[in-house]
$ cat target_8.txt   # compact mmCIF, C-alpha atoms
# COMPACT_ATOMS: atom_id res chain seq x y z
CA MET G 1 21.56 30.26 20.88
CA SER G 2 21.40 34.05 20.86
CA GLY G 3 17.93 35.42 20.22
CA VAL G 4 16.17 32.08 20.76
CA HIS G 5 14.41 31.52 24.08
CA ILE G 6 13.17 27.98 24.84
CA ILE G 7 10.57 28.05 27.62
CA GLU G 8 11.06 24.79 29.51
CA HIS G 9 8.76 25.50 32.44
CA PRO G 10 7.13 22.32 33.86
CA LEU G 11 3.63 23.61 33.08
CA VAL G 12 4.65 24.34 29.48
CA LEU G 13 6.13 20.88 29.02
CA HIS G 14 3.10 19.18 30.58
CA LYS G 15 0.60 21.03 28.43
CA LEU G 16 2.72 20.54 25.33
CA GLY G 17 2.58 16.78 25.78
CA ILE G 18 -1.23 16.81 25.85
CA LEU G 19 -1.33 19.21 22.90
CA ARG G 20 0.75 16.81 20.78
CA ASP G 21 -1.45 13.78 21.52
CA LYS G 22 -3.53 12.85 18.47
CA ARG G 23 -6.37 11.87 20.82
CA THR G 24 -6.74 15.46 22.10
CA GLY G 25 -9.96 16.92 20.72
CA THR G 26 -10.61 20.36 19.26
CA LYS G 27 -12.02 21.95 22.44
CA GLU G 28 -9.11 20.85 24.62
CA PHE G 29 -6.61 21.69 21.89
CA ARG G 30 -7.90 25.28 21.74
CA GLU G 31 -7.76 25.59 25.52
CA LEU G 32 -4.19 24.31 25.61
CA VAL G 33 -3.05 26.70 22.88
CA HIS G 34 -4.65 29.54 24.87
CA GLU G 35 -2.89 28.46 28.08
CA LEU G 36 0.47 27.96 26.39
CA SER G 37 0.15 31.38 24.77
CA ILE G 38 -0.22 32.97 28.19
CA LEU G 39 2.89 31.17 29.47
CA LEU G 40 4.92 32.07 26.39
CA GLY G 41 3.64 35.66 26.47
CA TYR G 42 4.71 35.92 30.11
CA GLU G 43 8.28 35.17 29.08
CA ALA G 44 8.21 37.27 25.92
CA THR G 45 7.22 40.35 27.95
CA ARG G 46 9.82 39.88 30.68
CA ASP G 47 11.78 42.91 29.42
CA LEU G 48 8.89 45.41 29.46
CA ALA G 49 9.99 48.72 30.97
CA LEU G 50 8.65 49.73 34.39
CA ALA G 51 8.16 53.06 36.15
CA ASP G 52 7.95 53.76 39.87
CA THR G 53 4.61 54.61 41.43
CA THR G 54 2.95 54.65 44.83
CA VAL G 55 -0.45 53.29 45.84
CA GLU G 56 -2.48 53.61 48.99
CA THR G 57 -3.21 50.26 50.58
CA PRO G 58 -5.75 49.84 53.41
CA LEU G 59 -2.82 50.17 55.83
CA GLY G 60 -0.50 52.72 54.28
CA THR G 61 1.53 53.73 51.23
CA ALA G 62 3.35 51.14 49.09
CA ASN G 63 6.12 51.77 46.60
CA CYS G 64 5.14 49.83 43.49
CA LYS G 65 5.88 49.43 39.78
CA THR G 66 3.73 50.09 36.75
CA LEU G 67 4.25 49.40 33.08
CA GLU G 68 5.87 52.44 31.52
CA GLY G 69 3.18 52.71 28.88
CA LYS G 70 4.99 51.39 25.83
CA LYS G 71 2.62 50.67 22.96
CA LEU G 72 2.31 47.00 22.03
CA GLY G 73 0.81 45.07 19.14
CA VAL G 74 -0.06 41.41 18.60
CA ILE G 75 -0.03 40.10 15.03
CA PRO G 76 -1.31 36.55 14.39
CA ILE G 77 -0.36 34.80 11.17
CA LEU G 78 -3.69 33.54 9.82
CA ARG G 79 -5.23 31.24 10.44
CA ALA G 80 -3.59 29.18 13.20
CA GLY G 81 -2.12 32.27 14.87
CA LEU G 82 -5.66 33.31 15.84
CA GLY G 83 -5.61 30.59 18.48
CA MET G 84 -2.85 32.43 20.36
CA VAL G 85 -4.29 35.95 20.34
CA ASP G 86 -6.63 35.73 23.36
CA GLY G 87 -3.87 34.30 25.53
CA ILE G 88 -1.47 37.11 24.73
CA THR G 89 -4.08 39.88 24.98
CA SER G 90 -5.29 38.56 28.35
CA LEU G 91 -1.85 39.66 29.58
CA LEU G 92 -1.77 42.82 27.44
CA PRO G 93 -5.36 44.08 27.21
CA ALA G 94 -4.28 47.45 25.77
CA ALA G 95 -2.38 45.86 22.88
CA LYS G 96 -3.79 46.40 19.42
CA VAL G 97 -4.26 43.38 17.15
CA GLY G 98 -3.41 43.21 13.46
CA HIS G 99 -3.66 40.28 11.05
CA ILE G 100 -1.37 38.89 8.37
CA GLY G 101 -2.77 36.23 6.03
CA LEU G 102 -0.27 33.78 4.57
CA TYR G 103 -0.59 30.28 3.20
CA ARG G 104 2.12 27.87 2.14
CA ASP G 105 2.18 26.82 -1.50
CA PRO G 106 2.05 22.99 -1.30
CA GLU G 107 4.45 22.59 -4.23
CA THR G 108 7.14 25.17 -3.46
CA LEU G 109 6.51 25.43 0.33
CA THR G 110 6.94 29.20 -0.05
CA PRO G 111 4.51 31.63 1.63
CA VAL G 112 1.85 33.45 -0.37
CA ASP G 113 0.67 36.77 1.14
CA TYR G 114 -3.10 37.20 0.68
CA TYR G 115 -4.12 39.62 3.47
CA SER G 116 -2.61 42.28 5.71
CA LYS G 117 -4.39 44.61 8.14
CA LEU G 118 -2.23 46.28 10.78
CA PRO G 119 -2.97 49.01 13.34
CA ALA G 120 -2.57 52.50 11.89
CA ASP G 121 0.16 53.31 14.41
CA VAL G 122 1.93 49.95 14.10
CA SER G 123 5.31 51.60 13.51
CA GLU G 124 5.13 53.07 17.04
CA ARG G 125 4.48 49.70 18.68
CA ASP G 126 6.57 46.78 19.90
CA ILE G 127 5.20 43.81 17.97
CA ILE G 128 4.69 40.17 18.94
CA ILE G 129 3.98 37.93 15.93
CA VAL G 130 2.21 34.71 16.95
CA ASP G 131 1.85 31.38 15.17
CA PRO G 132 1.74 27.95 16.86
CA MET G 133 4.22 26.38 14.42
CA LEU G 134 7.54 27.63 13.04
CA ALA G 135 8.24 25.08 10.31
CA THR G 136 10.21 26.23 7.25
CA GLY G 137 10.29 29.77 8.60
CA GLY G 138 8.90 31.17 5.36
CA SER G 139 5.66 32.52 6.82
CA ALA G 140 7.41 34.02 9.83
CA ILE G 141 9.99 35.74 7.63
CA ALA G 142 7.24 37.07 5.34
CA ALA G 143 5.26 38.38 8.35
CA VAL G 144 8.33 40.14 9.74
CA ASN G 145 8.94 41.62 6.29
CA VAL G 146 5.40 43.05 6.26
CA CYS G 147 5.86 44.60 9.70
CA LYS G 148 9.25 46.07 8.84
CA ARG G 149 7.86 47.57 5.63
CA GLU G 150 5.36 49.41 7.83
CA GLY G 151 8.17 50.79 9.97
CA CYS G 152 8.19 48.36 12.92
CA LYS G 153 11.57 48.24 14.65
CA HIS G 154 11.01 46.02 17.68
CA ILE G 155 9.56 42.62 16.74
CA LYS G 156 9.36 39.32 18.62
CA LEU G 157 8.16 35.95 17.35
CA CYS G 158 6.18 33.63 19.63
CA ASN G 159 5.66 29.97 18.63
CA ILE G 160 4.72 26.79 20.47
CA ILE G 161 6.78 24.33 18.40
CA ALA G 162 9.62 25.05 15.98
CA ALA G 163 11.82 23.07 13.60
CA PRO G 164 15.58 23.69 13.52
CA GLU G 165 15.27 24.63 9.85
CA GLY G 166 12.73 27.35 10.66
CA ILE G 167 14.80 28.74 13.52
CA LYS G 168 17.85 28.91 11.26
CA ALA G 169 15.96 30.60 8.42
CA VAL G 170 14.44 33.29 10.64
CA ARG G 171 17.74 33.99 12.40
CA GLU G 172 19.51 34.39 9.07
CA ALA G 173 16.83 36.65 7.59
CA HIS G 174 16.07 38.68 10.73
CA PRO G 175 18.80 38.34 13.38
CA ASP G 176 17.23 41.22 15.33
CA VAL G 177 14.01 39.28 16.00
CA ASP G 178 13.89 37.30 19.26
CA ILE G 179 12.11 33.94 19.09
CA TYR G 180 10.17 32.50 22.04
CA VAL G 181 9.26 28.82 21.70
CA ALA G 182 8.18 25.94 23.92
CA CYS G 183 10.15 23.28 22.05
CA ILE G 184 12.47 22.83 19.07
CA ASP G 185 11.65 19.50 17.43
CA GLU G 186 13.78 17.11 15.38
CA ARG G 187 13.28 18.17 11.77
CA LEU G 188 10.92 18.83 8.88
CA ASN G 189 9.60 15.98 6.75
CA GLU G 190 9.48 16.03 2.95
CA HIS G 191 6.13 17.89 3.07
CA GLY G 192 7.47 20.66 5.31
CA TYR G 193 5.71 19.46 8.47
CA ILE G 194 7.46 19.42 11.84
CA VAL G 195 8.39 15.95 13.16
CA PRO G 196 7.18 14.80 15.66
CA GLY G 197 5.19 18.05 15.87
CA LEU G 198 1.45 17.91 16.44
CA GLY G 199 0.00 17.77 12.94
CA ASP G 200 -1.68 20.75 11.29
CA ALA G 201 -2.31 23.31 14.05
CA GLY G 202 -4.99 25.15 12.07
CA ASP G 203 -6.96 21.98 11.36
CA ARG G 204 -6.77 20.89 14.99
CA LEU G 205 -7.76 24.34 16.29
CA PHE G 206 -10.75 24.75 14.00
CA GLY G 207 -11.85 21.15 13.52
CA THR G 208 -11.21 21.08 9.78
CA LYS G 209 -8.94 18.03 9.61

$ encode --input "target_8.txt" --output "structure tokens"
Amino acid sequence: MSGVHIIEHPLVLHKLGILRDKRTGTKEFRELVHELSILLGYEATRDLALADTTVETPLGTANCKTLEGKKLGVIPILRAGLGMVDGITSLLPAAKVGHIGLYRDPETLTPVDYYSKLPADVSERDIIIVDPMLATGGSAIAAVNVCKREGCKHIKLCNIIAAPEGIKAVREAHPDVDIYVACIDERLNEHGYIVPGLGDAGDRLFGTK
């Protein structure tokens, strides 16, 4: 599927299995989200531009590569997306971090935008939006809309688990946005939760279930 990248690395699949387990506690759940974010971020940044450089080693001169200096931004969708930020920024320490606050209306399942704080130069940055779950796609679409309104032109979406319905919705609304995900699950249930999924990612990250 064009624009959708499923990361089926053995380490990703192993950690995903533990993450799903209802017996996994909050501390381990947070650690796994952090680790999976690093692995997903590694793949999502595979196309970063490089420039040639030379460095002096203890034994001579080596021809090497360096990142070309493109500005990057990481935007978590609050609140569960916060669990993925440290993993991504451990790879990209110079990236600026913005925040988009959305919650899903339990009756209509549509996103409600309650907070937005983006870097002042966000329009000059390549953006990675992070959220552990891509369910209906409503929050992801709304977050991309916010970024595009601020002038962002290069946006990627990074999720751990997605539903086919969410993938379809995002691709229809924003075909220019690449999606990086560890797994696409079976479906959404009548409450808009991913099945089999892992439950409510925010509750499991922050111990509020």

$ closest_residue --input "target_8.txt" --among "G:Leu50, G:Ile179, G:Leu39, G:Gly202" --to "Tyr103 (chain G)" --atoms "only C-alpha atoms"
G:Gly202

$ atom_distance --input "target_8.txt" --atom1 "CA of Ser90 (chain G)" --atom2 "CA of Thr57 (chain G)"
25.2 Å

$ closest_residue --input "target_8.txt" --among "G:Ala135, G:Ile77, G:Leu102, G:Ile38" --to "Pro196 (chain G)" --atoms "all atoms listed in the file"
G:Ala135

$ closest_residue --input "target_8.txt" --among "G:Glu68, G:Asp203, G:Asp131, G:Glu35" --to "Gly81 (chain G)" --atoms "all atoms listed in the file"
G:Asp131

$ closest_residue --input "target_8.txt" --among "G:Glu124, G:Glu28, G:Glu8, G:Asp185" --to "Ile167 (chain G)" --atoms "all atoms listed in the file"
G:Asp185

$ closest_residue --input "target_8.txt" --among "G:Leu118, G:Ala182, G:Met133, G:Pro76" --to "Gly17 (chain G)" --atoms "all atoms listed in the file"
G:Ala182

$ residues_near_point --input "target_8.txt" --point "(-1.1, 26.0, 19.5)" --cutoff "6 Å" --atoms "only C-alpha atoms" --output "compact mmCIF listing (two decimals) with C-alpha atoms, in the coordinates of the input"
# COMPACT_ATOMS: atom_id res chain seq x y z
CA VAL G 33 -3.05 26.70 22.88
CA PRO G 132 1.74 27.95 16.86
CA ILE G 160 4.72 26.79 20.47

$ decode --input "target_8.txt" --residues "region 145-160 of chain G" --atoms "N, CA and C atoms" --output "PDB file, in the first residue's frame"
ATOM      1  N   ASN G 145      -4.223  18.472   9.792  1.00  0.00           N
ATOM      2  CA  ASN G 145      -4.872  19.726   9.396  1.00  0.00           C
ATOM      3  C   ASN G 145      -4.260  20.924  10.117  1.00  0.00           C
ATOM      4  N   VAL G 146      -4.026  20.770  11.430  1.00  0.00           N
ATOM      5  CA  VAL G 146      -3.425  21.855  12.216  1.00  0.00           C
ATOM      6  C   VAL G 146      -2.047  22.203  11.655  1.00  0.00           C
ATOM      7  N   CYS G 147      -1.238  21.172  11.398  1.00  0.00           N
ATOM      8  CA  CYS G 147       0.117  21.410  10.889  1.00  0.00           C
ATOM      9  C   CYS G 147       0.090  22.065   9.515  1.00  0.00           C
ATOM     10  N   LYS G 148      -0.808  21.610   8.658  1.00  0.00           N
ATOM     11  CA  LYS G 148      -0.878  22.190   7.309  1.00  0.00           C
ATOM     12  C   LYS G 148      -1.362  23.643   7.356  1.00  0.00           C
ATOM     13  N   ARG G 149      -2.270  23.933   8.291  1.00  0.00           N
ATOM     14  CA  ARG G 149      -2.715  25.327   8.426  1.00  0.00           C
ATOM     15  C   ARG G 149      -1.567  26.248   8.808  1.00  0.00           C
ATOM     16  N   GLU G 150      -0.576  25.690   9.498  1.00  0.00           N
ATOM     17  CA  GLU G 150       0.600  26.478   9.899  1.00  0.00           C
ATOM     18  C   GLU G 150       1.690  26.470   8.828  1.00  0.00           C
ATOM     19  N   GLY G 151       1.404  25.861   7.685  1.00  0.00           N
ATOM     20  CA  GLY G 151       2.334  25.911   6.570  1.00  0.00           C
ATOM     21  C   GLY G 151       3.245  24.713   6.397  1.00  0.00           C
ATOM     22  N   CYS G 152       3.049  23.658   7.196  1.00  0.00           N
ATOM     23  CA  CYS G 152       3.900  22.465   7.076  1.00  0.00           C
ATOM     24  C   CYS G 152       3.603  21.734   5.758  1.00  0.00           C
ATOM     25  N   LYS G 153       4.673  21.331   5.079  1.00  0.00           N
ATOM     26  CA  LYS G 153       4.515  20.676   3.784  1.00  0.00           C
ATOM     27  C   LYS G 153       4.987  19.234   3.787  1.00  0.00           C
ATOM     28  N   HIS G 154       5.838  18.874   4.711  1.00  0.00           N
ATOM     29  CA  HIS G 154       6.387  17.517   4.757  1.00  0.00           C
ATOM     30  C   HIS G 154       6.049  16.903   6.117  1.00  0.00           C
ATOM     31  N   ILE G 155       5.060  16.010   6.128  1.00  0.00           N
ATOM     32  CA  ILE G 155       4.524  15.463   7.376  1.00  0.00           C
ATOM     33  C   ILE G 155       4.500  13.940   7.292  1.00  0.00           C
ATOM     34  N   LYS G 156       4.951  13.300   8.362  1.00  0.00           N
ATOM     35  CA  LYS G 156       4.846  11.848   8.498  1.00  0.00           C
ATOM     36  C   LYS G 156       4.051  11.540   9.762  1.00  0.00           C
ATOM     37  N   LEU G 157       3.433  10.372   9.774  1.00  0.00           N
ATOM     38  CA  LEU G 157       2.645   9.916  10.919  1.00  0.00           C
ATOM     39  C   LEU G 157       3.263   8.625  11.422  1.00  0.00           C
ATOM     40  N   CYS G 158       3.523   8.555  12.723  1.00  0.00           N
ATOM     41  CA  CYS G 158       4.179   7.398  13.324  1.00  0.00           C
ATOM     42  C   CYS G 158       3.279   6.830  14.416  1.00  0.00           C
ATOM     43  N   ASN G 159       2.810   5.584  14.219  1.00  0.00           N
ATOM     44  CA  ASN G 159       1.922   4.913  15.172  1.00  0.00           C
ATOM     45  C   ASN G 159       2.448   3.519  15.479  1.00  0.00           C
ATOM     46  N   ILE G 160       2.063   2.977  16.613  1.00  0.00           N
ATOM     47  CA  ILE G 160       2.449   1.610  16.946  1.00  0.00           C
ATOM     48  C   ILE G 160       1.435   0.622  16.368  1.00  0.00           C
TER      49      ILE G 160
END
